[in-house]
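Colleague: Here you go, final_31.txt (compact mmCIF, C-alpha atoms and all ligand atoms):
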# COMPACT_ATOMS: atom_id res chain seq x y z
CA MET A 210 40.92 8.00 -94.30
CA LEU A 211 42.64 9.99 -97.07
CA LYS A 212 43.05 13.70 -96.38
CA HIS A 213 42.91 14.62 -100.06
CA LYS A 214 39.86 14.79 -102.34
CA ASP A 215 41.95 13.42 -105.22
CA VAL A 216 44.92 11.14 -105.86
CA LEU A 217 47.10 13.21 -108.19
CA GLY A 218 50.59 12.10 -107.21
CA LEU A 219 52.67 10.59 -104.44
CA TYR A 220 54.46 13.91 -104.01
CA ASP A 221 51.20 15.13 -102.41
CA LEU A 222 50.37 12.13 -100.23
CA SER A 223 51.75 11.67 -96.72
CA ALA A 224 53.52 8.48 -95.65
CA GLU A 225 50.42 7.68 -93.54
CA GLU A 226 48.09 8.02 -96.54
CA ILE A 227 50.36 5.82 -98.69
CA ASP A 228 50.52 3.29 -95.88
CA GLU A 229 46.74 3.23 -95.57
CA ILE A 230 46.27 2.64 -99.31
CA LEU A 231 48.79 -0.22 -99.15
CA SER A 232 47.12 -1.79 -96.11
CA VAL A 233 43.68 -1.74 -97.74
CA GLY A 234 45.29 -2.92 -101.01
CA MET A 235 46.80 -5.92 -99.18
CA SER A 236 43.34 -6.90 -97.90
CA MET A 237 41.85 -6.47 -101.38
CA LYS A 238 44.60 -8.61 -102.88
CA LYS A 239 43.88 -11.42 -100.42
CA LEU A 240 40.24 -11.38 -101.57
CA LEU A 241 41.27 -11.37 -105.23
CA LYS A 242 43.56 -14.35 -104.61
CA GLN A 243 40.52 -16.19 -103.26
CA ASN A 244 38.77 -15.24 -106.52
CA ILE A 245 36.31 -13.00 -104.64
CA LYS A 246 35.21 -10.41 -107.19
CA LYS A 247 31.85 -9.26 -105.86
CA LEU A 248 32.15 -6.70 -103.07
CA PRO A 249 29.74 -3.97 -101.93
CA HIS A 250 32.21 -1.12 -101.29
CA LEU A 251 31.28 1.01 -104.33
CA GLN A 252 27.61 0.14 -104.66
CA GLY A 253 25.66 3.11 -105.98
CA LYS A 254 28.83 4.92 -107.13
CA SER A 255 29.78 5.86 -110.69
CA VAL A 256 33.34 5.73 -111.99
CA THR A 257 34.42 7.08 -115.38
CA THR A 258 37.78 6.35 -116.99
CA LEU A 259 38.84 9.18 -119.30
CA PHE A 260 41.91 8.21 -121.32
CA TYR A 261 43.66 10.59 -123.72
CA GLU A 262 46.51 8.07 -124.17
CA ASN A 263 46.70 4.33 -124.83
CA SER A 264 46.67 1.88 -121.95
CA THR A 265 46.11 -1.81 -121.31
CA ARG A 266 46.97 -2.42 -117.65
CA THR A 267 45.88 0.82 -116.00
CA ARG A 268 42.57 1.34 -117.77
CA CYS A 269 41.52 -2.28 -117.56
CA SER A 270 42.47 -2.65 -113.90
CA PHE A 271 40.66 0.53 -112.84
CA GLU A 272 37.57 -0.74 -114.66
CA LEU A 273 37.78 -4.18 -113.05
CA ALA A 274 38.54 -2.69 -109.63
CA ALA A 275 35.42 -0.51 -109.81
CA LYS A 276 33.23 -3.33 -111.15
CA TYR A 277 34.41 -5.85 -108.53
CA MET A 278 33.20 -3.39 -105.88
CA GLY A 279 29.81 -2.88 -107.52
CA ALA A 280 30.24 0.54 -109.21
CA HIS A 281 28.69 1.68 -112.47
CA VAL A 282 31.59 2.16 -114.89
CA VAL A 283 31.86 4.20 -118.08
CA ASN A 284 34.99 4.19 -120.25
CA ILE A 285 35.80 7.15 -122.49
CA ALA A 286 38.66 7.09 -124.98
CA ALA A 287 39.40 10.67 -126.04
CA SER A 288 39.93 9.43 -129.61
CA SER A 289 36.23 8.53 -129.89
CA SER A 290 34.73 11.28 -127.73
CA SER A 291 33.65 14.90 -128.17
CA VAL A 292 37.29 15.87 -127.50
CA GLN A 293 37.63 15.24 -131.24
CA LYS A 294 35.07 18.01 -131.82
CA GLY A 295 37.20 20.44 -129.84
CA GLU A 296 35.70 20.09 -126.35
CA THR A 297 38.18 21.23 -123.70
CA LEU A 298 39.27 19.14 -120.72
CA VAL A 299 37.49 21.52 -118.34
CA ASP A 300 34.22 21.31 -120.31
CA THR A 301 34.52 17.53 -120.53
CA GLY A 302 34.99 17.47 -116.74
CA LYS A 303 31.95 19.70 -116.18
CA THR A 304 29.89 17.37 -118.37
CA LEU A 305 30.99 14.30 -116.39
CA ASP A 306 30.27 16.14 -113.14
CA ALA A 307 26.77 17.04 -114.33
CA MET A 308 26.18 13.32 -114.82
CA LYS A 309 26.91 12.79 -111.10
CA ASN A 310 30.11 10.83 -111.54
CA ASP A 311 31.74 10.08 -108.21
CA VAL A 312 35.23 9.39 -109.56
CA ILE A 313 37.02 10.35 -112.78
CA VAL A 314 40.18 8.38 -113.59
CA ILE A 315 42.22 10.33 -116.13
CA ARG A 316 45.29 9.63 -118.24
CA HIS A 317 46.58 12.60 -120.23
CA PRO A 318 49.74 13.39 -122.22
CA MET A 319 50.14 16.77 -120.50
CA GLY A 320 51.64 16.90 -117.02
CA GLY A 321 49.23 18.74 -114.70
CA ALA A 322 46.03 17.91 -116.63
CA PRO A 323 44.57 15.80 -113.75
CA ARG A 324 45.27 18.66 -111.30
CA LEU A 325 43.43 21.11 -113.57
CA LEU A 326 40.49 18.69 -113.83
CA ALA A 327 40.46 18.15 -110.05
CA ARG A 328 40.18 21.90 -109.47
CA THR A 329 37.20 22.05 -111.83
CA VAL A 330 35.03 19.10 -110.79
CA LYS A 331 33.29 17.91 -107.64
CA ALA A 332 34.12 14.28 -108.48
CA HIS A 333 37.22 12.67 -107.01
CA VAL A 334 40.00 12.66 -109.62
CA VAL A 335 42.61 9.91 -109.90
CA ASN A 336 45.70 10.47 -112.01
CA ALA A 337 46.28 7.41 -114.19
CA GLY A 338 49.46 8.94 -115.66
CA ASP A 339 50.05 12.53 -116.79
CA GLY A 340 52.84 13.20 -119.29
CA MET A 341 56.24 12.86 -117.66
CA ASN A 342 54.91 13.90 -114.25
CA GLU A 343 53.42 11.11 -112.10
CA HIS A 344 51.69 7.72 -112.25
CA PRO A 345 50.74 7.26 -108.60
CA SER A 346 48.67 4.08 -108.82
CA GLN A 347 51.54 2.35 -110.67
CA ALA A 348 54.01 3.20 -107.90
CA LEU A 349 51.48 2.13 -105.27
CA LEU A 350 51.04 -1.25 -106.95
CA ASP A 351 54.81 -1.61 -107.16
CA MET A 352 55.08 -0.85 -103.43
CA LEU A 353 52.24 -3.25 -102.64
CA THR A 354 54.14 -6.00 -104.48
CA MET A 355 57.29 -5.16 -102.49
CA ARG A 356 55.37 -5.11 -99.21
CA GLU A 357 54.05 -8.61 -99.91
CA ASN A 358 57.55 -9.92 -100.46
CA PHE A 359 59.45 -8.20 -97.65
CA PRO A 360 58.67 -7.54 -93.97
CA SER A 361 58.79 -3.77 -94.60
CA ILE A 362 59.55 -1.22 -97.31
CA ARG A 363 61.68 0.70 -94.79
CA GLY A 364 65.34 -0.17 -95.41
CA LEU A 365 64.83 -1.75 -98.84
CA LYS A 366 67.21 -0.84 -101.62
CA VAL A 367 65.41 -0.41 -104.93
CA ALA A 368 67.41 0.03 -108.15
CA ILE A 369 65.58 1.70 -111.06
CA LEU A 370 67.14 1.46 -114.54
CA GLY A 371 65.78 2.57 -117.91
CA ASP A 372 64.26 5.67 -119.44
CA ILE A 373 64.02 7.67 -116.23
CA SER A 374 63.83 11.01 -117.99
CA HIS A 375 60.45 10.38 -119.61
CA SER A 376 59.14 8.17 -116.82
CA ARG A 377 56.25 9.19 -114.59
CA VAL A 378 56.59 5.76 -112.96
CA ALA A 379 60.16 6.53 -111.82
CA LYS A 380 59.13 9.80 -110.19
CA SER A 381 56.10 8.38 -108.38
CA ASN A 382 58.17 5.44 -107.13
CA LEU A 383 60.92 7.77 -105.97
CA PHE A 384 58.47 9.93 -103.99
CA GLY A 385 56.59 6.97 -102.52
CA LEU A 386 59.52 4.72 -101.71
CA THR A 387 61.61 7.42 -100.04
CA LYS A 388 58.61 8.55 -97.96
CA LEU A 389 58.32 4.98 -96.68
CA GLY A 390 62.05 4.78 -95.88
CA ALA A 391 63.52 2.88 -98.86
CA GLU A 392 66.73 3.82 -100.65
CA VAL A 393 66.37 4.40 -104.42
CA THR A 394 69.31 4.14 -106.80
CA MET A 395 69.04 5.03 -110.49
CA TYR A 396 71.10 4.40 -113.60
CA ALA A 397 70.51 5.33 -117.25
CA PRO A 398 72.37 6.95 -120.14
CA ARG A 399 72.92 10.62 -119.19
CA THR A 400 70.47 11.56 -121.95
CA LEU A 401 67.73 9.58 -120.18
CA LEU A 402 68.34 11.02 -116.69
CA PRO A 403 66.42 14.15 -115.73
CA THR A 404 68.39 17.00 -114.22
CA GLY A 405 67.83 17.33 -110.49
CA ILE A 406 66.57 13.77 -109.85
CA ASP A 407 69.27 13.45 -107.15
CA LYS A 408 67.77 16.47 -105.36
CA MET A 409 64.45 14.62 -105.30
CA GLY A 410 66.08 11.85 -103.27
CA ALA A 411 67.54 9.40 -105.80
CA LYS A 412 71.13 8.20 -105.63
CA VAL A 413 72.34 8.53 -109.22
CA CYS A 414 74.96 5.87 -110.01
CA SER A 415 77.72 5.79 -112.58
CA SER A 416 77.26 2.14 -113.63
CA ARG A 417 74.47 -0.42 -113.64
CA GLU A 418 76.57 -2.61 -111.32
CA GLU A 419 76.82 0.22 -108.78
CA ALA A 420 73.06 0.84 -108.98
CA VAL A 421 72.21 -2.83 -108.50
CA GLU A 422 74.86 -3.56 -105.81
CA GLY A 423 73.06 -5.00 -102.77
CA ALA A 424 69.58 -4.24 -104.19
CA ASP A 425 66.49 -6.04 -102.90
CA VAL A 426 64.49 -5.03 -105.97
CA VAL A 427 65.66 -4.25 -109.52
CA MET A 428 63.11 -2.38 -111.59
CA GLY A 429 63.47 -1.95 -115.34
CA LEU A 430 61.65 0.92 -117.03
CA ARG A 431 60.39 0.87 -120.59
CA ILE A 432 62.57 2.44 -123.25
CA GLN A 433 59.97 4.59 -124.92
CA LEU A 434 60.36 3.60 -128.55
CA GLU A 435 58.15 6.49 -129.62
CA ARG A 436 60.86 8.85 -128.33
CA GLN A 437 63.80 7.10 -129.94
CA HIS A 438 63.85 9.58 -132.83
CA ALA A 439 65.26 12.08 -130.31
CA GLY A 440 68.57 10.20 -130.58
CA ASN A 441 69.04 9.67 -126.85
CA PHE A 442 70.98 6.46 -127.48
CA PRO A 443 72.39 4.90 -130.65
CA SER A 444 70.23 1.76 -130.96
CA LEU A 445 68.14 -0.66 -128.93
CA GLY A 446 70.89 -3.28 -129.31
CA GLU A 447 73.47 -0.93 -127.81
CA TYR A 448 71.08 0.10 -125.04
CA ALA A 449 70.56 -3.56 -124.11
CA LYS A 450 74.30 -4.27 -124.19
CA PHE A 451 75.46 -1.31 -122.11
CA TYR A 452 72.46 -0.34 -119.97
CA GLY A 453 70.04 -3.29 -119.90
CA VAL A 454 69.68 -5.64 -116.92
CA ASN A 455 70.84 -9.20 -117.53
CA GLU A 456 71.84 -12.19 -115.42
CA GLN A 457 75.42 -10.90 -115.03
CA VAL A 458 74.22 -7.56 -113.68
CA MET A 459 71.79 -9.29 -111.29
CA LYS A 460 74.76 -11.03 -109.63
CA TYR A 461 75.51 -7.68 -107.94
CA ALA A 462 72.05 -7.61 -106.33
CA LYS A 463 71.13 -9.50 -103.15
CA GLU A 464 70.56 -13.20 -103.68
CA GLY A 465 66.96 -13.72 -104.81
CA ALA A 466 66.44 -9.99 -105.51
CA LEU A 467 63.10 -9.33 -107.17
CA VAL A 468 62.84 -8.28 -110.81
CA MET A 469 60.04 -5.82 -111.55
CA HIS A 470 58.81 -3.77 -114.52
CA PRO A 471 55.66 -1.65 -114.88
CA GLY A 472 55.05 -2.89 -118.43
CA PRO A 473 54.70 -2.85 -121.30
CA VAL A 474 58.17 -4.39 -121.53
CA ASN A 475 60.51 -4.48 -124.53
CA ARG A 476 61.86 -8.02 -124.18
CA GLY A 477 65.63 -8.18 -124.43
CA VAL A 478 66.05 -4.41 -124.09
CA GLU A 479 65.39 -3.28 -120.51
CA LEU A 480 65.48 -6.86 -119.18
CA THR A 481 66.42 -10.20 -120.72
CA SER A 482 63.59 -12.65 -121.41
CA ALA A 483 65.14 -15.07 -118.91
CA LEU A 484 64.78 -12.47 -116.14
CA ILE A 485 61.26 -11.47 -117.21
CA ASP A 486 60.10 -15.10 -117.05
CA GLY A 487 62.38 -16.18 -114.21
CA GLU A 488 61.57 -17.24 -110.64
CA THR A 489 62.42 -13.89 -109.11
CA SER A 490 60.27 -11.93 -111.57
CA ARG A 491 57.18 -10.30 -110.04
CA ILE A 492 55.95 -8.69 -113.26
CA GLU A 493 52.72 -10.72 -113.45
CA GLU A 494 52.20 -10.31 -109.71
CA GLN A 495 52.38 -6.53 -110.24
CA VAL A 496 49.38 -6.77 -112.56
CA LEU A 497 47.17 -8.34 -109.86
CA SER A 498 48.51 -5.82 -107.33
CA GLY A 499 47.30 -3.19 -109.81
CA ILE A 500 43.66 -4.21 -109.41
CA ALA A 501 44.02 -4.48 -105.61
CA VAL A 502 45.62 -1.08 -105.13
CA ARG A 503 43.11 0.59 -107.46
CA MET A 504 40.27 -0.99 -105.45
CA ALA A 505 41.86 0.53 -102.35
CA ILE A 506 42.17 3.98 -103.96
CA LEU A 507 38.57 4.02 -105.21
CA PHE A 508 37.22 2.76 -101.89
CA LEU A 509 39.22 5.15 -99.70
CA LEU A 510 38.35 8.17 -101.87
CA THR A 511 34.62 7.50 -102.00
CA LYS A 512 34.23 6.70 -98.32
CA GLN A 513 35.77 9.99 -97.22
CA GLU A 514 33.62 13.01 -96.31
CA ILE A 515 35.05 16.17 -97.85
N1 LIG B 1 52.18 0.38 -116.65
C1 LIG B 1 51.22 1.01 -117.38
O1 LIG B 1 50.85 2.15 -117.10
O2 LIG B 1 50.74 0.26 -118.40
P1 LIG B 1 49.59 0.72 -119.42
O3 LIG B 1 50.16 1.82 -120.27
O4 LIG B 1 49.28 -0.54 -120.21
O5 LIG B 1 48.43 1.20 -118.62
I need this file expressed as structure tokens, please.

Modeller:
Amino acid sequence: MLKHKDVLGLYDLSAEEIDEILSVGMSMKKLLKQNIKKLPHLQGKSVTTLFYENSTRTRCSFELAAKYMGAHVVNIAASSSSVQKGETLVDTGKTLDAMKNDVIVIRHPMGGAPRLLARTVKAHVVNAGDGMNEHPSQALLDMLTMRENFPSIRGLKVAILGDISHSRVAKSNLFGLTKLGAEVTMYAPRTLLPTGIDKMGAKVCSSREEAVEGADVVMGLRIQLERQHAGNFPSLGEYAKFYGVNEQVMKYAKEGALVMHPGPVNRGVELTSALIDGETSRIEEQVLSGIAVRMAILFLLTKQEI
């Protein structure tokens, strides 16, 4: 049973709550692998996805997760909604509440928007990514993928490389993984490393080899091309050459270390194509974990009595 009404970030959730979501997610994934896509857990419930930013994986997998469990699902893209007529987030939330929605899944460019919505509505709110703050369901699906491949998350060494500064995925993974007892190392150009990330529990390294040394999992993060105008690094080619993960760098990791990436990936920038498509890559597996973990979140939130 989750203690919170909403899932806004892994900073808020206890290790026990994270563990419970992962356990239910593992069961859901087993069902998905057997191609079982008709479950009763959300029958009679309504789920709305409210996206103010683009998405393929997150929006689609929340929709499928809800539908596989029998919910009614409505998808709202802010670009084609009354937001364009000036409706505020709070008024949009009140409208969705009045329609008796049970869960609102929101992605928003402003950090804190899901928390504001959660304070306003009776529905359970799930953060599907807010600005540079958190992306909890992404980190949970990453952890689910790790848990499937290792006996325990406790004691794992996870190296995260890429645009950490702008990454909500990096922060949610850092909070979740350290709560479950993993070590997290990070490496990026100084301009793509947020100040104080070490105080949040990350070991900041001075080379990609140091970050990857002895790692069980190497996670690349997307270089956000839309932010490249800020001049944080000279060019994509130089980023790939000096900061990207390639086969040479992976030699420092444990033998058979997993390669992960939340997607969308810039091939040949964060990771080489050979690594993305290689045997140790779990990038496609992460996508299926995404549906499973979102099924777990929706189920655990709607079965609780608050
Ligand atoms: N990883 C992730 O959040 O992907 P989308 O932007 O496609 O949802």

Colleague: Within 6 Å of ligand LIG 1 (chain B), counting only C-alpha atoms and all ligand atoms: which residues, as number ranges by chain?

Modeller: A: 264-268, 471-473

Colleague: Could you check the closest approach to Thr387 (chain A) for each of A:Pro323, A:Gly440, A:Gly423, A:Gly410 and tell me which residue wins, using all atoms listed in the file?

Modeller: A:Gly410

Colleague: Between A:Glu493, A:Asp351, A:Glu226, A:Glu343, which one has atoms that come closest to Arg377 (chain A), using all atoms listed in the file?

Modeller: A:Glu343

Colleague: Please list as a list in words every residue within 12 Å of His250 (chain A), counting all atoms listed in the file and excluding residues in the same chain fewer than 6 positions away.

Modeller: Met237, Ala274, Ala275, Lys276, Tyr277, Met278, Gly279, Ala280, Met504, Ala505, Ile506, Leu507, Phe508, Leu509, Leu510, Thr511 and Lys512 of chain A

Colleague: Go ahead and write the residues just picked, C-alpha atoms, as a short mmCIF file (atom, residue, chain, number, x, y, z; two decimals), in the coordinates of the input.

Modeller:
data_model
loop_
_atom_site.label_atom_id
_atom_site.label_comp_id
_atom_site.auth_asym_id
_atom_site.auth_seq_id
_atom_site.Cartn_x
_atom_site.Cartn_y
_atom_site.Cartn_z
CA MET A 237 41.85 -6.47 -101.38
CA ALA A 274 38.54 -2.69 -109.63
CA ALA A 275 35.42 -0.51 -109.81
CA LYS A 276 33.23 -3.33 -111.15
CA TYR A 277 34.41 -5.85 -108.53
CA MET A 278 33.20 -3.39 -105.88
CA GLY A 279 29.81 -2.88 -107.52
CA ALA A 280 30.24 0.54 -109.21
CA MET A 504 40.27 -0.99 -105.45
CA ALA A 505 41.86 0.53 -102.35
CA ILE A 506 42.17 3.98 -103.96
CA LEU A 507 38.57 4.02 -105.21
CA PHE A 508 37.22 2.76 -101.89
CA LEU A 509 39.22 5.15 -99.70
CA LEU A 510 38.35 8.17 -101.87
CA THR A 511 34.62 7.50 -102.00
CA LYS A 512 34.23 6.70 -98.32
#

Colleague: Mind checking which residues fall within 10 Å of Val312 (chain A), counting only C-alpha atoms, ignoring those fewer than 2 positions away in the same chain, and posting them as a PyMOL selection string?

Modeller: chain A and resi 215+254-258+275+282+305-306+309-310+314-315+330-335+507+510-511

Colleague: Which residues, written as number ranges by chain, have at least one atom at most 9 Å from Gly446 (chain A), with all atoms listed in the file counted and residues fewer than 4 positions away on the same chain left out?

Modeller: A: 450-451, 477-478

Colleague: Please complete region 496-507 of chain A with N, CA, C and O atoms and give it back as a PDB file, in the coordinates of the input.

Modeller:
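As written to disk, part-v1.pdb reads:
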ATOM      1  N   VAL A 496      50.648  -7.036-111.871  1.00  0.00           N
ATOM      2  CA  VAL A 496      49.380  -6.770-112.560  1.00  0.00           C
ATOM      3  C   VAL A 496      48.202  -7.000-111.599  1.00  0.00           C
ATOM      4  O   VAL A 496      47.279  -6.173-111.521  1.00  0.00           O
ATOM      5  N   LEU A 497      48.254  -8.090-110.824  1.00  0.00           N
ATOM      6  CA  LEU A 497      47.170  -8.340-109.860  1.00  0.00           C
ATOM      7  C   LEU A 497      47.198  -7.283-108.742  1.00  0.00           C
ATOM      8  O   LEU A 497      46.146  -6.808-108.302  1.00  0.00           O
ATOM      9  N   SER A 498      48.403  -6.901-108.332  1.00  0.00           N
ATOM     10  CA  SER A 498      48.510  -5.820-107.330  1.00  0.00           C
ATOM     11  C   SER A 498      47.843  -4.553-107.865  1.00  0.00           C
ATOM     12  O   SER A 498      47.313  -3.746-107.097  1.00  0.00           O
ATOM     13  N   GLY A 499      47.882  -4.379-109.181  1.00  0.00           N
ATOM     14  CA  GLY A 499      47.300  -3.190-109.810  1.00  0.00           C
ATOM     15  C   GLY A 499      45.798  -3.114-109.561  1.00  0.00           C
ATOM     16  O   GLY A 499      45.260  -2.045-109.261  1.00  0.00           O
ATOM     17  N   ILE A 500      45.111  -4.237-109.673  1.00  0.00           N
ATOM     18  CA  ILE A 500      43.660  -4.210-109.410  1.00  0.00           C
ATOM     19  C   ILE A 500      43.441  -3.935-107.923  1.00  0.00           C
ATOM     20  O   ILE A 500      42.604  -3.102-107.547  1.00  0.00           O
ATOM     21  N   ALA A 501      44.215  -4.614-107.060  1.00  0.00           N
ATOM     22  CA  ALA A 501      44.020  -4.480-105.610  1.00  0.00           C
ATOM     23  C   ALA A 501      44.236  -3.037-105.148  1.00  0.00           C
ATOM     24  O   ALA A 501      43.437  -2.485-104.383  1.00  0.00           O
ATOM     25  N   VAL A 502      45.302  -2.435-105.616  1.00  0.00           N
ATOM     26  CA  VAL A 502      45.620  -1.080-105.130  1.00  0.00           C
ATOM     27  C   VAL A 502      44.612  -0.070-105.693  1.00  0.00           C
ATOM     28  O   VAL A 502      44.258   0.910-105.020  1.00  0.00           O
ATOM     29  N   ARG A 503      44.109  -0.331-106.878  1.00  0.00           N
ATOM     30  CA  ARG A 503      43.110   0.590-107.460  1.00  0.00           C
ATOM     31  C   ARG A 503      41.765   0.417-106.746  1.00  0.00           C
ATOM     32  O   ARG A 503      41.012   1.381-106.594  1.00  0.00           O
ATOM     33  N   MET A 504      41.471  -0.806-106.297  1.00  0.00           N
ATOM     34  CA  MET A 504      40.270  -0.990-105.450  1.00  0.00           C
ATOM     35  C   MET A 504      40.424  -0.164-104.179  1.00  0.00           C
ATOM     36  O   MET A 504      39.491   0.517-103.747  1.00  0.00           O
ATOM     37  N   ALA A 505      41.618  -0.218-103.595  1.00  0.00           N
ATOM     38  CA  ALA A 505      41.860   0.530-102.350  1.00  0.00           C
ATOM     39  C   ALA A 505      41.702   2.032-102.586  1.00  0.00           C
ATOM     40  O   ALA A 505      41.065   2.732-101.787  1.00  0.00           O
ATOM     41  N   ILE A 506      42.257   2.540-103.667  1.00  0.00           N
ATOM     42  CA  ILE A 506      42.170   3.980-103.960  1.00  0.00           C
ATOM     43  C   ILE A 506      40.704   4.400-104.122  1.00  0.00           C
ATOM     44  O   ILE A 506      40.238   5.382-103.521  1.00  0.00           O
ATOM     45  N   LEU A 507      39.971   3.655-104.941  1.00  0.00           N
ATOM     46  CA  LEU A 507      38.570   4.020-105.210  1.00  0.00           C
ATOM     47  C   LEU A 507      37.742   3.952-103.936  1.00  0.00           C
ATOM     48  O   LEU A 507      36.921   4.832-103.654  1.00  0.00           O
TER      49      LEU A 507
END
